[in-house]
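Shown below: upload.txt, with compact mmCIF, C-alpha atoms.
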```
# COMPACT_ATOMS: atom_id res chain seq x y z
CA MET W 1 115.11 85.36 83.03
CA LYS W 2 113.36 88.46 84.34
CA VAL W 3 109.78 89.59 83.83
CA SER W 4 108.36 93.04 84.52
CA LEU W 5 104.59 93.25 84.97
CA LEU W 6 104.20 96.61 86.71
CA GLY W 7 104.71 98.62 83.54
CA PRO W 8 104.57 97.52 79.92
CA LEU W 9 105.35 93.80 79.84
CA ALA W 10 109.09 93.31 79.56
CA VAL W 11 110.93 89.98 79.39
CA SER W 12 114.68 89.59 79.34
CA VAL W 13 117.21 86.79 79.49
CA GLY W 14 120.49 88.01 80.85
CA ARG W 15 120.71 91.54 79.48
CA LYS W 16 118.98 90.66 76.24
CA PRO W 17 115.33 91.72 75.82
CA VAL W 18 112.95 89.05 74.59
CA ARG W 19 110.38 90.26 72.09
CA LEU W 20 107.01 88.52 72.05
CA GLN W 21 105.45 89.81 68.85
CA ARG W 22 101.77 88.97 69.18
CA PRO W 23 99.42 90.58 71.74
CA ARG W 24 98.06 87.19 72.85
CA GLN W 25 101.57 85.86 73.41
CA ARG W 26 102.31 88.86 75.62
CA ALA W 27 99.00 88.40 77.46
CA MET W 28 99.69 84.71 78.09
CA MET W 29 103.24 85.44 79.26
CA ALA W 30 101.88 88.03 81.68
CA ILE W 31 99.32 85.56 83.04
CA LEU W 32 101.93 82.84 83.53
CA ALA W 33 104.30 85.31 85.25
CA LEU W 34 101.51 86.62 87.46
CA TYR W 35 101.07 83.06 88.78
CA ALA W 36 104.75 82.11 88.50
CA ASN W 37 105.65 78.65 89.85
CA ARG W 38 101.97 77.74 90.05
CA THR W 39 99.89 75.88 87.51
CA VAL W 40 97.56 78.14 85.56
CA ARG W 41 94.60 76.15 84.28
CA THR W 42 93.89 76.39 80.57
CA ASP W 43 90.33 77.42 81.41
CA THR W 44 91.70 80.31 83.48
CA ILE W 45 93.88 81.50 80.60
CA ILE W 46 90.93 81.35 78.21
CA ASP W 47 88.73 83.27 80.63
CA MET W 48 91.36 85.96 81.24
CA ILE W 49 92.02 86.50 77.53
CA TRP W 50 88.63 86.05 75.89
CA GLY W 51 86.19 86.48 78.79
CA CYS W 52 82.69 85.12 78.25
CA SER W 53 83.03 84.75 74.47
CA PRO W 54 85.97 82.46 73.69
CA PRO W 55 86.32 81.16 70.13
CA PRO W 56 85.55 77.47 69.53
CA ALA W 57 89.25 76.75 69.03
CA ALA W 58 90.40 78.65 72.15
CA ARG W 59 92.22 75.67 73.68
CA ASN W 60 94.08 75.05 70.46
CA GLN W 61 94.99 78.73 70.23
CA VAL W 62 96.38 78.63 73.77
CA GLN W 63 98.54 75.62 72.85
CA VAL W 64 99.80 77.35 69.70
CA GLN W 65 100.67 80.59 71.49
CA VAL W 66 102.40 78.77 74.36
CA SER W 67 104.43 76.89 71.77
CA HIS W 68 105.52 80.21 70.25
CA ILE W 69 106.43 81.54 73.69
CA ARG W 70 108.55 78.46 74.38
CA LYS W 71 110.34 78.78 71.06
CA THR W 72 111.06 82.47 71.60
CA LEU W 73 112.37 81.89 75.14
CA ARG W 74 114.44 78.90 74.05
CA THR W 75 116.05 80.96 71.30
CA ALA W 76 116.88 83.65 73.87
CA GLY W 77 118.52 81.08 76.15
CA ALA W 78 115.70 80.24 78.56
CA ALA W 79 114.72 76.71 77.66
CA ASP W 80 112.23 74.57 79.57
CA VAL W 81 110.87 77.35 81.77
CA VAL W 82 107.28 76.85 80.59
CA GLU W 83 106.03 73.43 81.65
CA THR W 84 102.91 71.61 80.50
CA GLN W 85 100.80 70.39 83.41
CA PRO W 86 97.84 67.98 83.31
CA ASP W 87 95.35 70.85 83.30
CA GLY W 88 97.39 73.87 82.27
CA TYR W 89 100.84 75.47 82.24
CA LEU W 90 103.46 76.55 84.75
CA LEU W 91 106.22 79.15 84.39
CA ARG W 92 109.39 78.50 86.38
CA LEU W 93 110.68 81.84 87.62
CA GLU W 94 112.88 82.90 90.52
CA PRO W 95 110.84 85.05 92.97
CA ALA W 96 113.27 87.96 92.65
CA ALA W 97 113.00 87.85 88.85
CA CYS W 98 109.51 89.35 88.70
CA ASP W 99 108.80 92.89 89.90
CA PHE W 100 105.22 92.01 90.85
CA THR W 101 106.41 89.13 93.04
CA VAL W 102 109.02 91.38 94.69
CA PHE W 103 106.44 94.09 95.32
CA THR W 104 103.91 91.64 96.77
CA ALA W 105 106.49 90.04 99.07
CA LEU W 106 107.76 93.38 100.37
CA GLU W 107 104.21 94.64 100.85
CA SER W 108 103.47 91.56 102.98
CA VAL W 109 106.67 92.03 104.99
CA GLY W 110 105.82 95.67 105.60
CA GLU W 111 102.27 94.95 106.66
CA MET W 112 103.39 92.20 109.05
CA ALA W 113 106.02 94.49 110.58
CA ARG W 114 103.46 97.27 110.96
CA LYS W 115 101.02 94.96 112.74
CA GLU W 116 103.86 93.86 115.04
CA HIS W 117 104.64 97.55 115.81
CA ARG W 118 108.06 97.37 114.12
CA TYR W 119 107.50 100.70 112.45
CA ARG W 120 110.94 101.46 111.04
CA ALA W 121 111.13 97.97 109.52
CA ALA W 122 107.64 98.38 108.08
CA SER W 123 108.51 101.74 106.52
CA GLU W 124 111.66 100.35 104.93
CA ALA W 125 109.78 97.37 103.47
CA PHE W 126 107.12 99.64 101.98
CA ARG W 127 109.82 101.95 100.58
CA LEU W 128 111.54 99.04 98.85
CA ALA W 129 108.21 97.77 97.53
CA LEU W 130 107.53 101.15 95.96
CA ARG W 131 110.99 101.14 94.37
CA ALA W 132 110.11 97.85 92.67
CA TRP W 133 107.21 99.56 90.91
CA SER W 134 108.00 100.66 87.36
CA GLY W 135 104.74 101.68 85.71
CA PRO W 136 101.03 102.46 85.92
CA ALA W 137 99.69 98.93 86.38
CA LEU W 138 97.63 98.32 89.55
CA ALA W 139 97.98 102.01 90.41
CA GLU W 140 95.41 101.88 93.22
CA ARG W 141 97.37 99.18 95.01
CA ARG W 142 100.58 101.16 94.71
CA LEU W 143 98.82 104.25 96.06
CA ALA W 144 97.59 102.29 99.09
CA VAL W 145 101.16 101.17 99.90
CA PHE W 146 102.45 104.69 99.26
CA GLN W 147 100.02 106.15 101.79
CA ARG W 148 100.91 103.52 104.40
CA TRP W 149 104.59 104.37 103.90
CA VAL W 150 103.92 108.11 104.15
CA ASP W 151 101.92 107.64 107.36
CA LEU W 152 104.77 105.69 108.93
CA GLU W 153 107.35 108.27 107.89
CA ILE W 154 105.25 111.12 109.32
CA GLY W 155 104.77 109.19 112.56
CA LEU W 156 108.53 108.59 112.71
CA ASP W 157 109.09 112.36 112.32
CA ARG W 158 110.78 111.91 108.95
CA HIS W 159 108.41 114.22 107.11
CA ALA W 160 110.99 116.41 105.33
CA ARG W 161 112.24 113.65 103.06
CA LEU W 162 108.68 112.91 101.95
CA LEU W 163 108.15 116.29 100.31
CA PRO W 164 109.53 115.52 96.80
CA GLU W 165 107.50 112.29 96.63
CA LEU W 166 104.34 113.96 97.89
CA PHE W 167 104.61 116.94 95.53
CA GLN W 168 104.91 114.49 92.64
CA ALA W 169 101.98 112.39 93.90
CA VAL W 170 99.71 115.41 94.33
CA ARG W 171 100.57 116.65 90.85
CA ALA W 172 99.63 113.22 89.46
CA GLU W 173 96.41 112.98 91.53
CA PRO W 174 95.22 116.55 92.11
CA LEU W 175 91.77 115.43 93.31
CA ASP W 176 93.11 113.04 95.96
CA GLU W 177 92.36 114.74 99.28
CA ASP W 178 94.25 112.13 101.31
CA LEU W 179 97.45 112.98 99.47
CA CYS W 180 96.76 116.70 99.89
CA LEU W 181 96.30 116.23 103.64
CA ARG W 182 99.62 114.44 103.95
CA LEU W 183 101.44 117.04 101.88
CA MET W 184 99.95 119.84 104.01
CA ALA W 185 101.05 118.04 107.18
CA CYS W 186 104.61 117.54 105.94
CA LEU W 187 104.86 121.15 104.81
CA GLN W 188 103.57 122.39 108.16
CA ARG W 189 105.98 120.16 110.07
CA SER W 190 108.81 121.50 107.89
CA GLY W 191 107.93 125.09 108.78
CA ARG W 192 106.48 125.88 105.35
CA ILE W 193 103.14 127.22 106.57
CA ALA W 194 102.41 129.39 103.53
CA ASP W 195 103.04 126.46 101.19
CA ALA W 196 100.74 124.23 103.26
CA LEU W 197 97.91 126.77 102.97
CA LYS W 198 98.64 127.24 99.28
CA THR W 199 98.37 123.47 98.78
CA TYR W 200 94.97 123.44 100.46
CA ARG W 201 93.64 126.34 98.42
CA ARG W 202 94.89 124.85 95.16
CA THR W 203 93.15 121.56 95.94
CA ARG W 204 89.96 123.36 96.94
CA GLN W 205 90.00 125.27 93.66
CA THR W 206 90.56 122.05 91.67
CA LEU W 207 87.74 120.22 93.46
CA ARG W 208 85.32 123.07 92.85
CA ARG W 209 86.31 123.39 89.20
CA GLU W 210 86.40 119.67 88.33
CA LEU W 211 83.73 118.19 90.62
CA GLY W 212 81.72 121.14 91.88
CA ILE W 213 82.36 120.25 95.54
CA ASP W 214 84.23 121.65 98.52
CA PRO W 215 87.01 119.72 100.30
CA HIS W 216 86.06 117.04 102.81
CA PRO W 217 85.61 118.31 106.40
CA THR W 218 88.86 116.55 107.35
CA LEU W 219 90.79 118.72 104.91
CA GLN W 220 88.92 121.83 105.98
CA SER W 221 89.82 121.02 109.60
CA ALA W 222 93.47 120.71 108.59
CA GLU W 223 93.42 124.23 107.13
CA ALA W 224 91.72 125.53 110.28
CA ALA W 225 94.39 123.86 112.45
CA ILE W 226 97.15 125.59 110.49
CA LEU W 227 95.42 128.95 110.82
CA ARG W 228 95.08 128.44 114.59
CA GLY W 229 98.72 127.45 114.88
CA ASP W 230 97.85 123.86 115.82
CA LEU W 231 99.57 120.81 114.36
CA ILE W 232 97.61 118.77 111.82
CA GLU W 233 96.98 115.41 113.45
CA HIS W 234 95.82 112.02 112.18
CA PRO W 235 95.34 108.69 114.03
CA ASN W 236 97.75 106.97 111.63
CA TRP W 237 100.57 109.29 112.73
CA SER W 238 100.25 108.96 116.51
CA PHE W 239 101.64 105.46 117.03
CA LEU W 240 104.83 106.77 118.67
CA GLU W 241 102.80 108.50 121.36
CA LEU W 242 100.95 105.26 122.04
CA GLU W 243 103.94 102.91 121.83
CA PRO W 244 107.19 104.93 121.99
CA SER W 245 109.41 101.91 122.67
CA LEU W 246 108.25 99.75 119.73
CA LEU W 247 110.39 101.11 116.94
CA SER W 248 112.55 98.29 115.62
```
Please go through the file and, once you have read it, give me the structure as structure tokens.
Amino acid sequence: MKVSLLGPLAVSVGRKPVRLQRPRQRAMMAILALYANRTVRTDTIIDMIWGCSPPPAARNQVQVQVSHIRKTLRTAGAADVVETQPDGYLLRLEPAACDFTVFTALESVGEMARKEHRYRAASEAFRLALRAWSGPALAERRLAVFQRWVDLEIGLDRHARLLPELFQAVRAEPLDEDLCLRLMACLQRSGRIADALKTYRRTRQTLRRELGIDPHPTLQSAEAAILRGDLIEHPNWSFLELEPSLLS
């Protein structure tokens, strides 16, 4: 069985999609998958679904919906994967069968490698984590990993291959000055000076139009560096100068 949580909830057994018809069934399946192989207390499920105003029969409703989930999964060929525990429920799921679990594991591997100065390994782990992402859920967390990956790639002098990803990211988040800065830096390092300046001016125009503000001084300094003929620099990109031999 596979479960996707990083886009619209999707459950499949083998190649066959499993359709959970009711919204609360889908919500409960998502909660159980989020905490796969760990007991989720019934009180936690109630709180996550109904918040501060659960109905009087909330516990009974949880039992009924879990029963429907079990029946649907059993019919699809995944019997006995939802277990009743003394104080809740547990979903048995292989770690590689859930995109959220894969993403979280690779994010942890990448962060550990980065802290140990194994920069190429860290970049590869972050790249694979991003590939596991399939939708808009937890977008801020994905963006944080994306920026860590971009910083490593720039520091490793692999800026050219970032351009398609960065163009797409800036189009999706036109007010994000951190993304603009990284796109400008990659364009400059690729010899595309006019495009780097155009990127800055487009972002400045968008910020003024949408928010009534000018770019942050960091972004203004990046434009000034380009105009002077200096390379845009950032502390996150200078690790090779500090530790040139730690690249595994």
Check which residues of region 106-178 of chain W sit at most 8 Å from region 203-226 of chain W using only C-alpha atoms, and return one row each with the closest pair of atoms and their distance in Å to one decimal, ordered by chain and rising number, as JSON lines.
```
{"residue": "W:Pro174", "atom": "CA", "partner": "W:Thr203", "partner_atom": "CA", "distance": 6.6}
{"residue": "W:Leu175", "atom": "CA", "partner": "W:Leu207", "partner_atom": "CA", "distance": 6.3}
{"residue": "W:Glu177", "atom": "CA", "partner": "W:Leu219", "partner_atom": "CA", "distance": 7.1}
```
Include C-alpha atoms and write out the residues we just selected as a short mmCIF file (atom, residue, chain, number, x, y, z; two decimals), in the frame of the given file.
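Once everything was written out, this is again-v2.cif:
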```
data_model
loop_
_atom_site.label_atom_id
_atom_site.label_comp_id
_atom_site.auth_asym_id
_atom_site.auth_seq_id
_atom_site.Cartn_x
_atom_site.Cartn_y
_atom_site.Cartn_z
CA PRO W 174 95.22 116.55 92.11
CA LEU W 175 91.77 115.43 93.31
CA GLU W 177 92.36 114.74 99.28
#
```
Closest of W:Ala122, W:Val145, W:Ala36, W:Leu73 to Leu20 (chain W) - atom-to-atom distances counting only C-alpha atoms: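 Closest to Leu20 (chain W) of all the choices is W:Leu73.
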d(CA of Gln25 (chain W), CA of Gly77 (chain W)) in Å: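 Separation between CA of Gln25 (chain W) and CA of Gly77 (chain W): 17.8 Å.
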Within 10 Å of Pro95 (chain W) using only C-alpha atoms, minus same-chain residues under 6 positions, as number ranges by chain: W: 2, 36-37, 101-102, 105
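Distances from W:Leu91, W:Val150, W:Met1, W:Leu106 to Ile31 (chain W) were compared using all atoms listed in the file, and the smallest one belongs to W:Leu91.
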Pairwise distance for CA of Ala129 (chain W) and CA of Arg192 (chain W), rounded to one decimal in Å: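 Going from CA of Ala129 (chain W) over to CA of Arg192 (chain W) covers 29.2 Å.
If you measure from each of W:Ala76, W:Phe100, W:Ala30, W:Asp43 to Arg15 (chain W) using only C-alpha atoms, the closest one turns out to be W:Ala76.
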Counting only C-alpha atoms, which residues sit no farther than 12 Å from the position (101.0, 86.2, 88.9) in the file's frame? I'd like them as a compact mmCIF listing (two decimals) with C-alpha atoms, in the coordinates of the input.
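Dumped everything to out-v5.txt:
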```txt
# COMPACT_ATOMS: atom_id res chain seq x y z
CA VAL W 3 109.78 89.59 83.83
CA SER W 4 108.36 93.04 84.52
CA LEU W 5 104.59 93.25 84.97
CA LEU W 6 104.20 96.61 86.71
CA ALA W 27 99.00 88.40 77.46
CA MET W 28 99.69 84.71 78.09
CA MET W 29 103.24 85.44 79.26
CA ALA W 30 101.88 88.03 81.68
CA ILE W 31 99.32 85.56 83.04
CA LEU W 32 101.93 82.84 83.53
CA ALA W 33 104.30 85.31 85.25
CA LEU W 34 101.51 86.62 87.46
CA TYR W 35 101.07 83.06 88.78
CA ALA W 36 104.75 82.11 88.50
CA ASN W 37 105.65 78.65 89.85
CA ARG W 38 101.97 77.74 90.05
CA THR W 39 99.89 75.88 87.51
CA VAL W 40 97.56 78.14 85.56
CA ILE W 45 93.88 81.50 80.60
CA LEU W 90 103.46 76.55 84.75
CA LEU W 91 106.22 79.15 84.39
CA ARG W 92 109.39 78.50 86.38
CA LEU W 93 110.68 81.84 87.62
CA PRO W 95 110.84 85.05 92.97
CA CYS W 98 109.51 89.35 88.70
CA ASP W 99 108.80 92.89 89.90
CA PHE W 100 105.22 92.01 90.85
CA THR W 101 106.41 89.13 93.04
CA VAL W 102 109.02 91.38 94.69
CA PHE W 103 106.44 94.09 95.32
CA THR W 104 103.91 91.64 96.77
```
Within-12 Å shell of (106.6, 121.0, 106.1) in input frame, all atoms listed in the file, as a PyMOL selection string: chain W and resi 154+157-164+166-167+181-197+199+226+231-232
Using the partial input, fill out region 149-175 of chain W with N, CA, C and O atoms; write the result as a compact mmCIF listing (two decimals), in the coordinates of the input.
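New file result38.txt:
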```
# COMPACT_ATOMS: atom_id res chain seq x y z
N TRP W 149 103.19 103.97 103.69
CA TRP W 149 104.59 104.37 103.90
C TRP W 149 104.67 105.81 104.40
O TRP W 149 105.39 106.11 105.36
N VAL W 150 103.92 106.71 103.75
CA VAL W 150 103.92 108.11 104.15
C VAL W 150 103.47 108.25 105.60
O VAL W 150 104.07 109.00 106.39
N ASP W 151 102.41 107.55 105.98
CA ASP W 151 101.92 107.64 107.36
C ASP W 151 102.99 107.21 108.36
O ASP W 151 103.16 107.83 109.42
N LEU W 152 103.70 106.14 108.03
CA LEU W 152 104.77 105.69 108.93
C LEU W 152 105.89 106.72 109.02
O LEU W 152 106.40 107.01 110.11
N GLU W 153 106.27 107.28 107.89
CA GLU W 153 107.35 108.27 107.89
C GLU W 153 106.95 109.53 108.68
O GLU W 153 107.78 110.09 109.41
N ILE W 154 105.70 109.97 108.54
CA ILE W 154 105.25 111.12 109.32
C ILE W 154 105.29 110.79 110.81
O ILE W 154 105.76 111.57 111.64
N GLY W 155 104.78 109.60 111.16
CA GLY W 155 104.77 109.19 112.56
C GLY W 155 106.17 109.06 113.14
O GLY W 155 106.38 109.29 114.33
N LEU W 156 107.13 108.70 112.29
CA LEU W 156 108.53 108.59 112.71
C LEU W 156 109.27 109.93 112.66
O LEU W 156 110.48 109.97 112.85
N ASP W 157 108.53 111.00 112.37
CA ASP W 157 109.09 112.36 112.32
C ASP W 157 110.13 112.50 111.22
O ASP W 157 111.13 113.20 111.37
N ARG W 158 109.88 111.82 110.09
CA ARG W 158 110.78 111.91 108.95
C ARG W 158 110.04 112.55 107.77
O ARG W 158 110.14 112.10 106.64
N HIS W 159 109.29 113.61 108.08
CA HIS W 159 108.41 114.22 107.11
C HIS W 159 109.16 114.97 106.00
O HIS W 159 108.69 115.02 104.87
N ALA W 160 110.31 115.55 106.31
CA ALA W 160 110.99 116.41 105.33
C ALA W 160 111.36 115.63 104.07
O ALA W 160 111.25 116.14 102.96
N ARG W 161 111.80 114.39 104.24
CA ARG W 161 112.24 113.65 103.06
C ARG W 161 111.08 113.14 102.21
O ARG W 161 111.29 112.64 101.11
N LEU W 162 109.85 113.31 102.72
CA LEU W 162 108.68 112.91 101.95
C LEU W 162 108.26 113.96 100.92
O LEU W 162 107.51 113.65 100.00
N LEU W 163 108.69 115.19 101.11
CA LEU W 163 108.15 116.29 100.31
C LEU W 163 108.29 116.08 98.79
O LEU W 163 107.31 116.27 98.07
N PRO W 164 109.46 115.71 98.27
CA PRO W 164 109.53 115.52 96.80
C PRO W 164 108.55 114.47 96.30
O PRO W 164 107.88 114.66 95.28
N GLU W 165 108.43 113.36 97.04
CA GLU W 165 107.50 112.29 96.63
C GLU W 165 106.06 112.77 96.69
O GLU W 165 105.25 112.47 95.81
N LEU W 166 105.72 113.50 97.73
CA LEU W 166 104.34 113.96 97.89
C LEU W 166 103.98 115.03 96.86
O LEU W 166 102.85 115.04 96.34
N PHE W 167 104.89 115.95 96.58
CA PHE W 167 104.61 116.94 95.53
C PHE W 167 104.31 116.24 94.21
O PHE W 167 103.37 116.59 93.49
N GLN W 168 105.11 115.23 93.89
CA GLN W 168 104.91 114.49 92.64
C GLN W 168 103.57 113.75 92.66
O GLN W 168 102.83 113.74 91.66
N ALA W 169 103.24 113.14 93.80
CA ALA W 169 101.98 112.39 93.90
C ALA W 169 100.77 113.31 93.77
O ALA W 169 99.79 112.97 93.11
N VAL W 170 100.83 114.47 94.40
CA VAL W 170 99.71 115.41 94.33
C VAL W 170 99.55 115.97 92.92
O VAL W 170 98.43 116.18 92.45
N ARG W 171 100.66 116.20 92.24
CA ARG W 171 100.57 116.65 90.85
C ARG W 171 99.90 115.59 89.98
O ARG W 171 99.11 115.90 89.08
N ALA W 172 100.21 114.31 90.25
CA ALA W 172 99.63 113.22 89.46
C ALA W 172 98.16 112.97 89.80
O ALA W 172 97.38 112.55 88.95
N GLU W 173 97.78 113.22 91.06
CA GLU W 173 96.41 112.98 91.53
C GLU W 173 95.88 114.22 92.23
O GLU W 173 95.72 114.24 93.45
N PRO W 174 95.59 115.28 91.48
CA PRO W 174 95.22 116.55 92.11
C PRO W 174 93.89 116.54 92.84
O PRO W 174 93.61 117.45 93.62
N LEU W 175 93.06 115.52 92.62
CA LEU W 175 91.77 115.43 93.31
C LEU W 175 91.83 114.52 94.54
O LEU W 175 90.81 114.36 95.22
```
